[in-house]
$ cat query_3.tsv   # TSV, C-alpha atoms
chain	number	residue	atom	x	y	z
A	1	MET	CA	0.00	0.00	0.00
A	2	ARG	CA	2.79	2.39	0.97
A	3	LYS	CA	4.63	1.60	-2.26
A	4	ALA	CA	1.52	2.37	-4.32
A	5	TYR	CA	1.10	5.66	-2.43
A	6	ILE	CA	4.71	6.68	-3.15
A	7	VAL	CA	4.32	5.84	-6.84
A	8	THR	CA	1.09	7.85	-7.01
A	9	VAL	CA	2.72	10.88	-5.36
A	10	ALA	CA	5.68	10.60	-7.71
A	11	LEU	CA	3.41	10.51	-10.76
A	12	PHE	CA	1.48	13.58	-9.56
A	13	ALA	CA	4.74	15.43	-8.92
A	14	LEU	CA	5.93	14.58	-12.42
A	15	ALA	CA	2.62	15.67	-13.94
A	16	PHE	CA	2.67	19.00	-12.10
A	17	SER	CA	6.28	19.65	-13.06
A	18	LEU	CA	5.46	19.03	-16.72
A	19	ALA	CA	2.33	21.15	-16.55
A	20	SER	CA	4.19	24.14	-15.10
A	21	ALA	CA	7.19	23.88	-17.38
A	22	SER	CA	7.79	26.24	-20.27
A	23	ASP	CA	10.22	25.64	-23.12
A	24	PRO	CA	12.72	22.92	-22.13
A	25	ASP	CA	16.31	23.89	-21.44
A	26	PRO	CA	18.68	23.14	-24.33
A	27	LEU	CA	21.07	20.22	-23.95
A	28	GLN	CA	23.52	21.61	-26.49
A	29	ASP	CA	24.85	25.02	-27.58
A	30	PHE	CA	22.14	25.46	-30.21
A	31	CYS	CA	19.68	23.59	-32.39
A	32	VAL	CA	19.00	25.74	-35.44
A	33	ALA	CA	15.61	24.79	-36.86
A	34	LEU	CA	15.48	23.52	-40.42
A	35	LYS	CA	13.19	25.64	-42.59
A	36	ASP	CA	12.98	22.94	-45.25
A	37	TYR	CA	11.86	19.70	-43.62
A	38	SER	CA	12.89	17.79	-46.72
A	39	ASP	CA	16.41	18.24	-45.38
A	40	TYR	CA	15.61	16.41	-42.15
A	41	SER	CA	17.61	13.40	-43.29
A	42	LYS	CA	20.74	15.49	-42.80
A	43	SER	CA	20.09	15.45	-39.06
A	44	ALA	CA	18.56	12.81	-36.81
A	45	VAL	CA	17.84	15.27	-33.99
A	46	PHE	CA	14.26	16.47	-33.50
A	47	VAL	CA	13.95	19.00	-30.65
A	48	ASN	CA	10.97	21.03	-29.46
A	49	GLY	CA	8.95	20.54	-32.62
A	50	LYS	CA	11.76	21.26	-35.06
A	51	PHE	CA	14.45	19.26	-36.82
A	52	CYS	CA	17.94	20.48	-35.98
A	53	LYS	CA	20.26	21.65	-38.67
A	54	ASP	CA	23.60	19.90	-38.80
A	55	PRO	CA	25.82	22.11	-36.55
A	56	LYS	CA	28.55	22.00	-39.17
A	57	LEU	CA	26.19	23.68	-41.66
A	58	VAL	CA	25.03	26.44	-39.30
A	59	LYS	CA	25.85	30.00	-40.34
A	60	ALA	CA	25.61	33.43	-38.68
A	61	GLU	CA	22.50	34.12	-40.78
A	62	ASP	CA	20.67	31.40	-38.83
A	63	PHE	CA	20.82	33.68	-35.77
A	64	PHE	CA	19.95	36.89	-37.64
A	65	PHE	CA	16.73	38.77	-38.46
A	66	GLU	CA	16.46	42.13	-40.17
A	67	GLY	CA	13.63	44.56	-40.71
A	68	LEU	CA	12.30	45.19	-37.22
A	69	ASP	CA	12.86	48.90	-37.84
A	70	ILE	CA	10.15	48.82	-40.52
A	71	ALA	CA	6.67	49.84	-39.35
A	72	GLY	CA	3.91	47.27	-39.78
A	73	ASN	CA	0.75	48.03	-41.76
A	74	THR	CA	-1.94	49.18	-39.32
A	75	ASP	CA	-4.59	49.74	-41.99
A	76	ASN	CA	-7.01	47.13	-40.64
A	77	LYS	CA	-10.09	46.87	-38.41
A	78	VAL	CA	-8.18	46.96	-35.11
A	79	GLY	CA	-5.54	49.49	-36.17
A	80	SER	CA	-2.49	47.51	-35.14
A	81	ASN	CA	0.12	45.18	-36.58
A	82	VAL	CA	2.35	42.63	-34.88
A	83	THR	CA	5.70	41.73	-36.45
A	84	THR	CA	6.79	38.50	-34.79
A	85	VAL	CA	10.35	37.27	-34.45
A	86	ASN	CA	10.02	33.67	-33.33
A	87	VAL	CA	11.48	30.30	-34.27
A	88	ASP	CA	9.63	30.34	-37.58
A	89	THR	CA	11.33	33.55	-38.71
A	90	LEU	CA	14.60	33.19	-36.79
A	91	PRO	CA	15.61	29.49	-36.80
A	92	GLY	CA	18.42	30.02	-34.29
A	93	LEU	CA	15.83	30.60	-31.57
A	94	ASN	CA	14.95	26.90	-31.50
A	95	THR	CA	15.33	25.53	-27.93
A	96	LEU	CA	16.45	28.92	-26.57
A	97	GLY	CA	13.07	29.74	-25.00
A	98	ILE	CA	12.74	33.37	-26.12
A	99	SER	CA	11.19	35.44	-28.91
A	100	LEU	CA	10.05	39.01	-29.46
A	101	ALA	CA	7.66	41.14	-31.45
A	102	ARG	CA	7.24	44.70	-32.66
A	103	ILE	CA	3.73	46.08	-32.25
A	104	ASP	CA	2.64	49.12	-34.27
A	105	PHE	CA	-0.49	51.06	-33.38
A	106	ALA	CA	-2.42	53.61	-35.43
A	107	PRO	CA	-4.05	56.40	-33.40
A	108	TYR	CA	-6.65	54.69	-31.17
A	109	GLY	CA	-5.63	51.31	-32.52
A	110	GLU	CA	-5.46	48.27	-30.28
A	111	ASN	CA	-3.97	44.84	-29.92
A	112	PRO	CA	-7.28	43.22	-28.91
A	113	PRO	CA	-7.73	40.90	-25.91
A	114	HIS	CA	-5.68	37.74	-26.42
A	115	ILE	CA	-3.56	35.18	-24.62
A	116	HIS	CA	-0.16	33.58	-25.16
A	117	PRO	CA	-0.62	29.95	-24.05
A	118	ARG	CA	3.10	29.23	-23.87
A	119	GLY	CA	4.78	32.44	-22.75
A	120	THR	CA	4.93	35.40	-20.39
A	121	GLU	CA	5.18	38.76	-22.18
A	122	ILE	CA	7.18	41.83	-21.15
A	123	LEU	CA	6.42	44.99	-23.11
A	124	VAL	CA	8.30	48.29	-23.43
A	125	VAL	CA	6.82	51.37	-25.10
A	126	LEU	CA	9.12	53.03	-27.64
A	127	GLU	CA	6.76	55.72	-28.87
A	128	GLY	CA	3.32	56.97	-27.86
A	129	THR	CA	0.99	56.20	-24.96
A	130	LEU	CA	-0.67	52.83	-24.40
A	131	PHE	CA	-3.43	51.76	-22.04
A	132	VAL	CA	-2.69	48.12	-21.17
A	133	GLY	CA	-4.06	45.48	-18.87
A	134	PHE	CA	-4.68	41.83	-18.05
A	135	VAL	CA	-7.38	39.81	-16.28
A	136	THR	CA	-6.66	37.08	-13.75
A	137	SER	CA	-8.21	33.61	-13.88
A	138	ASN	CA	-11.52	32.52	-12.31
A	139	PRO	CA	-13.08	33.07	-9.89
A	140	ASP	CA	-11.61	36.53	-9.15
A	141	ASN	CA	-11.23	37.83	-12.72
A	142	ARG	CA	-9.32	40.85	-11.40
A	143	LEU	CA	-8.41	43.51	-13.94
A	144	PHE	CA	-4.98	45.16	-13.70
A	145	THR	CA	-4.46	48.21	-15.93
A	146	LYS	CA	-1.84	50.88	-16.44
A	147	THR	CA	-1.24	53.79	-18.80
A	148	LEU	CA	2.26	53.50	-20.27
A	149	ASN	CA	4.36	56.22	-21.80
A	150	LYS	CA	7.64	56.09	-23.71
A	151	GLY	CA	10.17	53.99	-21.81
A	152	ASP	CA	7.62	52.32	-19.51
A	153	VAL	CA	7.57	48.54	-19.07
A	154	PHE	CA	4.71	46.17	-18.21
A	155	VAL	CA	4.49	42.39	-17.74
A	156	PHE	CA	1.63	40.12	-18.80
A	157	PRO	CA	1.73	36.72	-17.00
A	158	ILE	CA	1.60	33.58	-19.11
A	159	GLY	CA	-1.83	32.41	-20.23
A	160	LEU	CA	-3.81	35.44	-19.00
A	161	ILE	CA	-6.07	37.57	-21.21
A	162	HIS	CA	-4.42	40.91	-21.92
A	163	PHE	CA	-4.59	43.87	-24.31
A	164	GLN	CA	-2.90	47.09	-25.43
A	165	PHE	CA	-4.76	50.19	-26.63
A	166	ASN	CA	-3.26	53.36	-28.12
A	167	VAL	CA	-4.95	56.24	-26.31
A	168	GLY	CA	-2.97	58.88	-28.20
A	169	LYS	CA	-3.64	60.87	-31.36
A	170	THR	CA	-0.33	59.72	-32.86
A	171	ASN	CA	1.14	56.36	-33.79
A	172	ALA	CA	2.59	54.18	-31.04
A	173	ILE	CA	5.29	51.52	-31.08
A	174	ALA	CA	6.09	48.81	-28.55
A	175	ILE	CA	8.50	45.89	-28.33
A	176	SER	CA	7.49	42.69	-26.55
A	177	GLY	CA	9.73	39.94	-25.28
A	178	LEU	CA	8.23	36.48	-24.75
A	179	SER	CA	9.47	33.56	-22.66
A	180	SER	CA	9.05	31.01	-25.44
A	181	GLN	CA	10.50	30.44	-28.88
A	182	ASN	CA	6.87	30.24	-30.07
A	183	ALA	CA	4.51	31.62	-27.42
A	184	GLY	CA	1.43	31.24	-29.62
A	185	VAL	CA	-1.49	33.67	-29.66
A	186	ILE	CA	-5.23	33.21	-29.29
A	187	THR	CA	-7.27	36.34	-29.99
A	188	ILE	CA	-10.41	35.92	-27.91
A	189	ALA	CA	-13.00	37.36	-30.31
A	190	ASP	CA	-11.51	35.56	-33.31
A	191	ALA	CA	-11.40	32.24	-31.48
A	192	VAL	CA	-14.92	32.45	-30.04
A	193	PHE	CA	-16.84	34.07	-32.89
A	194	GLY	CA	-14.56	33.22	-35.79
A	195	SER	CA	-13.79	29.55	-35.22
A	196	ASN	CA	-13.78	27.15	-38.16
A	197	PRO	CA	-16.23	25.48	-38.20
A	198	PRO	CA	-18.38	27.90	-36.18
A	199	ILE	CA	-19.36	27.15	-32.59
A	200	ASN	CA	-23.06	26.34	-32.32
A	201	PRO	CA	-24.82	29.73	-31.79
A	202	ASN	CA	-26.91	28.20	-28.98
A	203	VAL	CA	-23.72	27.59	-27.01
A	204	LEU	CA	-22.57	31.20	-27.37
A	205	THR	CA	-26.07	32.57	-26.74
A	206	LYS	CA	-26.11	30.80	-23.38
A	207	ALA	CA	-22.49	31.59	-22.52
A	208	PHE	CA	-22.67	35.33	-23.26
A	209	GLN	CA	-26.35	35.82	-22.42
A	210	LEU	CA	-26.96	37.42	-25.81
A	211	ASP	CA	-29.76	37.26	-28.32
A	212	LYS	CA	-29.12	34.53	-30.87
A	213	ASN	CA	-29.34	37.05	-33.71
A	214	VAL	CA	-26.54	39.08	-32.13
A	215	VAL	CA	-24.37	35.97	-31.85
A	216	GLU	CA	-24.97	35.03	-35.48
A	217	GLU	CA	-24.15	38.59	-36.57
A	218	LEU	CA	-20.88	38.46	-34.61
A	219	GLN	CA	-20.02	35.13	-36.22
A	220	LYS	CA	-20.53	36.70	-39.64
A	221	GLU	CA	-18.37	39.66	-38.65
A	222	PHE	CA	-15.51	37.48	-37.46
A	223	GLY	CA	-15.78	34.95	-40.27
A	224	GLY	CA	-17.16	32.02	-38.32
A	225	ASP	CA	-19.58	31.19	-41.13
A	226	ASN	CA	-16.80	30.75	-43.73
$ encode --input "query_3.tsv" --output "structure tokens"
Amino acid sequence: MRKAYIVTVALFALAFSLASASDPDPLQDFCVALKDYSDYSKSAVFVNGKFCKDPKLVKAEDFFFEGLDIAGNTDNKVGSNVTTVNVDTLPGLNTLGISLARIDFAPYGENPPHIHPRGTEILVVLEGTLFVGFVTSNPDNRLFTKTLNKGDVFVFPIGLIHFQFNVGKTNAIAISGLSSQNAGVITIADAVFGSNPPINPNVLTKAFQLDKNVVEELQKEFGGDN
């Protein structure tokens, strides 16, 4: 009985450690991700979702990204643009557990409520004024907000809904660092009302306490009927 108890405790401890872990620590100097998977035969190592490039074939360019000085196109419905530098655009990030992004905002543009399921975000404002915030998990659902000016920094904990809104009459720019090579992003409105295929309107009507016609209109707006 005691042996079974110890095994059970050990399994729970392992499960909790895996659940709370982020990107695994690298076991080598680097593991540059192969962009062309047809080349995977050149390397037998598969780490963190990517095949590793043969270290002998790695070049400085594998650790290099250019163009973050170029403003993103904010001519869209939300008035913002995110330029992501993650493992898909910078192969040398594979297994290193970090990435970043440039966020451009038109006047009164926003980066709408979203989550990063695999990474904490730290944001610094380079230009403009942003109203930012995040909401804690159930049951408290506490809202933490702050108005940030040039040079201010704010942290958004992993997995929590957060947003950034340009409250100024001029463009704004921010840089975000993320604690994952590919933190992922789930924009709440897009996921709920724009899923493919669409979520049954009856489910959303009950969940949001809205008229069914309103839900169906939102699904059309966000593309859930495509």
$ closest_residue --input "query_3.tsv" --among "A:Phe154, A:Phe105, A:Phe30, A:Phe51" --to "Lys77 of chain A" --atoms "only C-alpha atoms"
A:Phe105
$ closest_residue --input "query_3.tsv" --among "A:Gly184, A:Phe134, A:Leu68, A:Thr147" --to "Asp88 of chain A" --atoms "all atoms listed in the file"
A:Gly184
$ atom_distance --input "query_3.tsv" --atom1 "atom CA of Ile70 of chain A" --atom2 "atom CA of Asn86 of chain A"
16.8 Å
$ closest_residue --input "query_3.tsv" --among "A:Ala106, A:Ala172, A:Cys31, A:Val185" --to "Val87 of chain A" --atoms "all atoms listed in the file"
A:Cys31
$ residues_around --input "query_3.tsv" --residues "Asp104 of chain A" --least-positions-apart "3" --cutoff "8 Å" --atoms "only C-alpha atoms" --output "CSV table (one decimal) with C-alpha atoms, keeping the file's coordinate frame"
chain,number,residue,atom,x,y,z
A,71,ALA,CA,6.7,49.8,-39.4
A,72,GLY,CA,3.9,47.3,-39.8
A,73,ASN,CA,0.8,48.0,-41.8
A,74,THR,CA,-1.9,49.2,-39.3
A,80,SER,CA,-2.5,47.5,-35.1
A,81,ASN,CA,0.1,45.2,-36.6
A,82,VAL,CA,2.4,42.6,-34.9
A,171,ASN,CA,1.1,56.4,-33.8
A,172,ALA,CA,2.6,54.2,-31.0
A,173,ILE,CA,5.3,51.5,-31.1
A,174,ALA,CA,6.1,48.8,-28.6
$ closest_residue --input "query_3.tsv" --among "A:Pro107, A:Pro113, A:Gly159, A:Gly133" --to "Asp190 of chain A" --atoms "only C-alpha atoms"
A:Pro113
$ residues_around --input "query_3.tsv" --residues "segment 194-200 of chain A" --least-positions-apart "6" --cutoff "12 Å" --atoms "only C-alpha atoms" --output "tab-separated table (two decimals) with C-alpha atoms, in the coordinates of the input"
chain	number	residue	atom	x	y	z
A	186	ILE	CA	-5.23	33.21	-29.29
A	187	THR	CA	-7.27	36.34	-29.99
A	188	ILE	CA	-10.41	35.92	-27.91
A	206	LYS	CA	-26.11	30.80	-23.38
A	207	ALA	CA	-22.49	31.59	-22.52
A	212	LYS	CA	-29.12	34.53	-30.87
A	215	VAL	CA	-24.37	35.97	-31.85
A	216	GLU	CA	-24.97	35.03	-35.48
A	217	GLU	CA	-24.15	38.59	-36.57
A	218	LEU	CA	-20.88	38.46	-34.61
A	219	GLN	CA	-20.02	35.13	-36.22
A	220	LYS	CA	-20.53	36.70	-39.64
A	221	GLU	CA	-18.37	39.66	-38.65
A	222	PHE	CA	-15.51	37.48	-37.46
A	223	GLY	CA	-15.78	34.95	-40.27
A	224	GLY	CA	-17.16	32.02	-38.32
A	225	ASP	CA	-19.58	31.19	-41.13
A	226	ASN	CA	-16.80	30.75	-43.73
$ atom_distance --input "query_3.tsv" --atom1 "atom CA of Ile158 of chain A" --atom2 "atom CA of Gly119 of chain A"
5.0 Å
$ closest_residue --input "query_3.tsv" --among "A:Gly177, A:Pro91, A:Pro201, A:Gly128" --to "Phe64 of chain A" --atoms "all atoms listed in the file"
A:Pro91
$ closest_residue --input "query_3.tsv" --among "A:Leu34, A:Asn138, A:Glu121, A:Asp211" --to "Pro55 of chain A" --atoms "all atoms listed in the file"
A:Leu34
$ atom_distance --input "query_3.tsv" --atom1 "atom CA of Lys53 of chain A" --atom2 "atom CA of Leu93 of chain A"
12.3 Å
